[in-house]
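A.B. asks: Sharing a structure here in structure tokens format.
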Amino acid sequence: MTNGTNVLRVVVVGNGMVGYKFCEKLIAKAKDITLDITVFGEEPRPAYDRVHLSEYFAGKTADDLTMAPLDWYFDNGIKLHLSDPITNIDREAKTVSSHHGLIVSYDYLVLATGSAAFVPPIPGVEKDGVFVYRTIEDLGMMQAHAKKARKGAVIGGGLLGLEAAKALLDLGLEETHVIEFAPRLMPRQIDQAGSDILKAKLESLGLQIHLNKNTQEIAGDGIITAMNFADGSKLEVDMLVISAGIKPRDEVARLSGLEVGSRGGIVVNDKLQTSDPHIFAIGECALHDHMIYGLVAPGYEMADIVATNLCNGAKEFKAYDMSTKLKLIGVDVASFGNAFISEPDCQTIVYENKSKGIYKRINISNDNQLLLGGILVGDAEQYNMLLQTVNNKLVLPKDPENLILGARGGEEDSGAGVMGLPDDALICSCEAVTKGQICHEVAENEVHSVDGLKKCTKAGTGCGGCVPMVKDLMLGTMKEQGIYVRNIICEHFDYTRQELFDLVKINEIKSYEGVLDKFGKGDGCEVCKPAVASILASLWNDMILAKGNDIAQDSNDRFLANIQKGGTYSVVPRIPGGEITPEKLIVIGTVAKKYNLYTKITGGQRIDLFGAHLNDLPVIWEELIAAGFESGHAYGKALRTVKSCVGSTWCRFGLHDSVTFAVEVENRYKGIRAPHKFKGGVSGCVRECAEAQAKDFGIIATEKGWNLYVCGNGGAKPQHAQLIAIDISKEDCVKYLDRFLMFYIKTAEPLTRTATWLNKMDGGIAYLKDVVVNDSLGIAEELETEMAGLINNYKCEWKEAIENESIRKRFSHFVNAPEVKDPSVAFTPLRDQKRALEWVK
Amino acid sequence: MLFGGREIMTVETATETWVMACSVTQIPENGGGCVLINDEQIAIFNFTRRGEWYATQNLCPHRQQMVLARGMIGSAGDEPKVACPFHKKTFSLESGQCLSGDAYEIKTYPVKIEDGMVFVSI
């Protein structure tokens with residue numbers, strides 16, 4: 001502290017990823033130091049993730065890429081000046097002056113000015129349609145130009161060039177060419193054989209790649225039309241992106257007399273001090289030991305070192321490991337350690353599979369003891385482990401080829417895995433977290449979740465590549481401690497759902513608070529509240545909004561409707577089996593019109609009404625109920641629909657009356673709460689028009705009766721239902737269904753669909769069939785009785801809600817102004833109807 | 001230029017004004033409700049289990065939705081929190097910090113109870 005007060009004045013020039021990270025680290029480390037941080041950024045927006053810039057074209061917005069919102073700077077007392085680059089440093093007065101004329105004093109100045117795209121001096125680079133790929137503004141201009149372009153090219157086949165090529169693919173150009181001067185792609189990371197595989201793979205994905213090409217001229221009258229090459233060839237293009245390398249932004253440092261390298265870059269020592277000890281340089285503008293680091297991980301490391309040193313710590317920057325793993329246009333590419341060392345200085349093992357597009361090379365010391373480095377293309381799954389093996393000088397197994405091929409022929413495992421690493425092994429290189437730190441948190445502080453570890457160590461919060469290793473370390477450490485990994489509900493209940501279900505049943509507890517008092521600790525949370533509320537509903541089938549349990553219901557159950565974008569709700573009346581009278585259809589139409597709702601037919605043969613204000617829900621339901629409708633429980637973890645085909649009453653192929661059966665089954669199980677939603681289907685013949693085999697239970701008519709299928713699922717992971725009974729009567733079918741559903745309700749974990757429940761079940765479908773059909777556990781009668789209890793206790797909860805004044809009055813947005821609807825709700829028109837306003841992303 | 005003309009460093013110490021928000025019975029036990037005060041939406045939580053009242057902004061900063069009052073409340077360790085109904089981002093009811101690992105923060109307001117009425121200081 002040099003200014004006589006207790007305040008450390010730090011000015012940061014540059015608000016890119018590294019400049020931002022420096023602020024974050026400095027704030028975290030400055031425990032007893034009062035900071036006065038001023039940041040100047042040249043760009044108009046706060047720091048954003050440049051590494052994932054190409055995702056901007058794949059649908060991400062500028063906000064998605066933002067490192068931290070403006071509020072973050074404000075809340076941390078950082079004065080952020082955007083669109084205002086620093087133009088001068090007065091090193092004697094220790095002040096900086098900005099483009100807009102601000103003059104700010106510093107105790108320490110940190111230059112994080114980054115780099116600009118290096119543009120080679122090719123005649124014609126100034127023409128319209130020629131871009132660099134660096135900032136969101138560059139992307140915006142490319143996007144605008146691409147609308148009228150058909151053929152694009154990128155100069156540069158390195159990491160950034162291929163990223164830019166990906167961007168052109170995403171922009172939908174008809175042709176995208178990559179022009180590289182060197183004989184191979186990514187010349188700094190991979191060898192010729194790796195480049196050959198990568199080239200073939202990228203060409204199959206639609207890129208056209210030209211190696212050994214020297215661009216001589218960019219032709220066109222004011223606007224680019226073609227590129228002429230030194231070998232006399234020519235390529236017609238109407239858009240070009242130059243991504244041939246980076247140039248450190250050292251102008252202001254140069255102007256103020258700081259030492260810069262002959263080819264650019266601000267010279268720094270191991271403490272990252274420039275030739276003026278009060279000025280530091282970090283990130284891509286810093287030249288350390290003749291090296292510019294164009295990756296984010298070493299930039300973050302530099303940020304950490306300067307932040308540490310300013311807070312009276314002592315840390316030095318050492319030559320940084322440039323190992324990288326990335327996904328380029330969907331292809332994994334990794335390079336680690338000494339990737340290019342070759343025989344006779346080492347032994348090289350190569351695996352190549354041209355048809356699958358995989359290339360792997362590892363370099364091993366001549367004494368077979370150590371891994372020196374390697375290259376992976378097409379499959380980089382082993383990258384983390386290989387990098388650890390290099391960095392920690394782990395002794396290689398007997399057959400080192402197993403490192404890239406996996407153990408084969410029943411041989412033992414190729415190594416002890418992550419648990420075999422030394423404690424100082426760096427697991428997360430973005431945040432510099434070691435194995436020892438992670439295991440310590442697991443063992444000593446009992447952090448037993450990946451999210452918890454992310455929070456306390458920050459591991460996995462950068463690129464996220466190490467998350468699988470973090471998880472393996474967590475599970476490995478827990479296993480070493482003899483912790484049996486049980487799926488307990490959350491920190492408030494040390495029970496599995498099934499254990500808690502039985503306890504609540506035996507003790508006949510009927511409220512969430514009662515369960516928490518007796519079996520839990522703390523105040524509950526958003527995980528255990530809905531889980532316990534579901535157990536209570538599955539056991540007693542009481543009104544779920546009864547006082548005390550209403551606040552334990554999840555978002556949708558809380559207001560008996562599905563919350564949608566903008567905070568409005570959707571309304572789904574039950575239409576059993578998909579059968580509805582014209583009169584009822586008219587009522588739905590009338591209600592939708594009256595309350596200005598968007599209407600859509602659902603996948604389950606009913607009608608969804610969207611855009612209802614919270615305040616309108618009771619009146620909407622009043623009208624629907626008066627016309628004979630009931631709640632459709634679209635909001636609940638409960639029976640949704642039983643879909644049917646029209647069956648033998650009309651269809652010339654139908655064997656039995658599938659609609660009647662569907663209506664009966666839907667009315668039987670309506671309103672019953674389960675660990676997750678469940679759906680059914682009934683088809684009148686084997687043509688299966690009701691798609692019953694994609695449901696949690698499916699019933700299909702046969703010549704002799706009905707076949708019963710269970711545990712099917714559409715959704716993210718489709719799975720066909722499996723047959724458990726053939727040619728059975730309606731009565732038997734219902735009996736088996738009672739048993740099956742009740743068994744599921746009692747034993748599944750929270751939010752587990754029947755398909756997942758079955759997949760995790762020891763013994764699988766054979767076991768389930770034994771329990772349901774053959775009563776192997778002797779619980780069939782109990783299950784049927786319990787199901788009968790639930791069915792007998794059914795009431796339409798919307799009818800109860802609108803008739804109960806104290807429940808009804810909860811349906812208002814403002815408790816102090818019940819008649820006022822949420823003024824922030826807004827819609828936009830869509831095809832003669834409306835839709836929710838898109839939310840902020 | 002300062003961003004958006006906002007004076008970034010000077011945080012004014014607001015003169016404490018207590019505004020009557022609603023009656024105690026209007027907020028469900030162990031739950032929340034939203035009140036409208038001078039065009040501002042404020043979520044009030046009746047954390048009966050802890051014997052505490054809390055008030056925060058009603059806007060969830062994640063997707064900018066006016067819904068926090070409809071969220072479930074609970075605790076993470078000792079920290080009282082609310083979970084947004086949309087994506088279950090959780091926020092401390094005391095500090096306003098996002099507890100789900102994001103850089104969001106919500107405003108919190110002092111609350112007091114007098115004669116069965118809830119007052120919020122804005």
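Quick note on naming: the chains in the structure tokens go A, B, ... in the order shown, residues restart at 1 in each chain, and ligands are numbered from 1 in order of appearance.
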Could you find all residues in segment 663-714 of chain A that DSSP calls strand (DSSP E or B) from the backbone, and write them as a PyMOL selection string?

C.D. replies: chain A and resi 673+678-683+697-701+706-710+713

A.B. asks: At a cut-off of 7 Å, which residues of chain A touch chain B? Count only C-alpha atoms and give the answer as JSON, numbers by chain.

C.D. replies: {"A": [68, 74, 77, 79, 80, 81, 82, 84, 100, 455, 522, 523, 524, 525, 526, 551, 552, 555, 566, 567, 813, 814, 815, 816, 839, 840, 841]}

A.B. asks: Counting only C-alpha atoms, which residue out of A:Gly548, A:Gly698, A:Gly578, A:Pro573 sits closest to Gly628 of chain A?

C.D. replies: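 Using only C-alpha atoms, the shortest distance to Gly628 of chain A belongs to A:Pro573.
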
A.B. asks: Using only C-alpha atoms, which of B:Phe119, B:Ile106, B:Asn46, B:Lys112 sits nearest Leu59 of chain B?

C.D. replies: B:Ile106

A.B. asks: Set the distance at 10 Å and use only C-alpha atoms: which residues neighbour segment 777-781 of chain A once local chain neighbours fewer than 2 positions away are removed? I'd like the list as a list in words.

C.D. replies: Lys735, Tyr736, Asp738, Arg739, Phe740, Met742, Phe743, Asp770, Val771, Val772, Val773, Asn774, Asp775, Leu783, Glu784, Thr785, Glu786 and Met787 of chain A

A.B. asks: Could I get the residues of segment 301-374 of chain A with an atom no further than 9 Å from an atom of segment 289-295 of chain A, each paired with its nearest atom pair and that distance in Å to one decimal, using only C-alpha atoms, sorted by chain and residue number, as a tab-separated table?

C.D. replies:
residue	atom	partner	partner_atom	distance
A:Ala319	CA	A:Asp289	CA	7.9
A:Tyr320	CA	A:Tyr293	CA	8.3
A:Met322	CA	A:Leu295	CA	8.0
A:Thr324	CA	A:Leu295	CA	8.9

A.B. asks: With C-alpha atoms retained, write the just-selected residues as a short mmCIF file (atom, residue, chain, number, x, y, z; two decimals), in the first residue's frame.

C.D. replies:
data_model
loop_
_atom_site.label_atom_id
_atom_site.label_comp_id
_atom_site.auth_asym_id
_atom_site.auth_seq_id
_atom_site.Cartn_x
_atom_site.Cartn_y
_atom_site.Cartn_z
CA ALA A 319 6.52 -22.11 -18.44
CA TYR A 320 2.99 -23.32 -18.91
CA MET A 322 0.25 -26.12 -23.53
CA THR A 324 -5.09 -28.93 -24.93
#

A.B. asks: With only C-alpha atoms as the atoms that count, which of A:Leu35, A:Val350, A:Ala701, A:Cys456 lies nearest to Ser648 of chain A?

C.D. replies: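 Among A:Leu35, A:Val350, A:Ala701, A:Cys456, it is A:Ala701 that comes nearest to Ser648 of chain A.
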
A.B. asks: Mind checking which residues fall within 12 Å of Glu446 of chain A, counting only C-alpha atoms, ignoring those fewer than 4 positions away in the same chain, and posting them as JSON, numbers by chain?

C.D. replies: {"A": [438, 439, 440, 441, 442, 450, 452, 453, 456, 474, 475, 477, 478, 481, 483, 491]}

A.B. asks: If you measure from atom CA of Asp36 of chain A to atom CA of Tyr106 of chain A, what distance in Å do you get, rounded to one decimal?

C.D. replies: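 Interatomic distance here is 9.1 Å.
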
A.B. asks: Report, in Å to a single decimal, how far apart atom CA of Ala725 of chain A and atom CA of Cys689 of chain A are.

C.D. replies: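 About the pair atom CA of Cys689 of chain A and atom CA of Ala725 of chain A: they are 20.0 Å apart.
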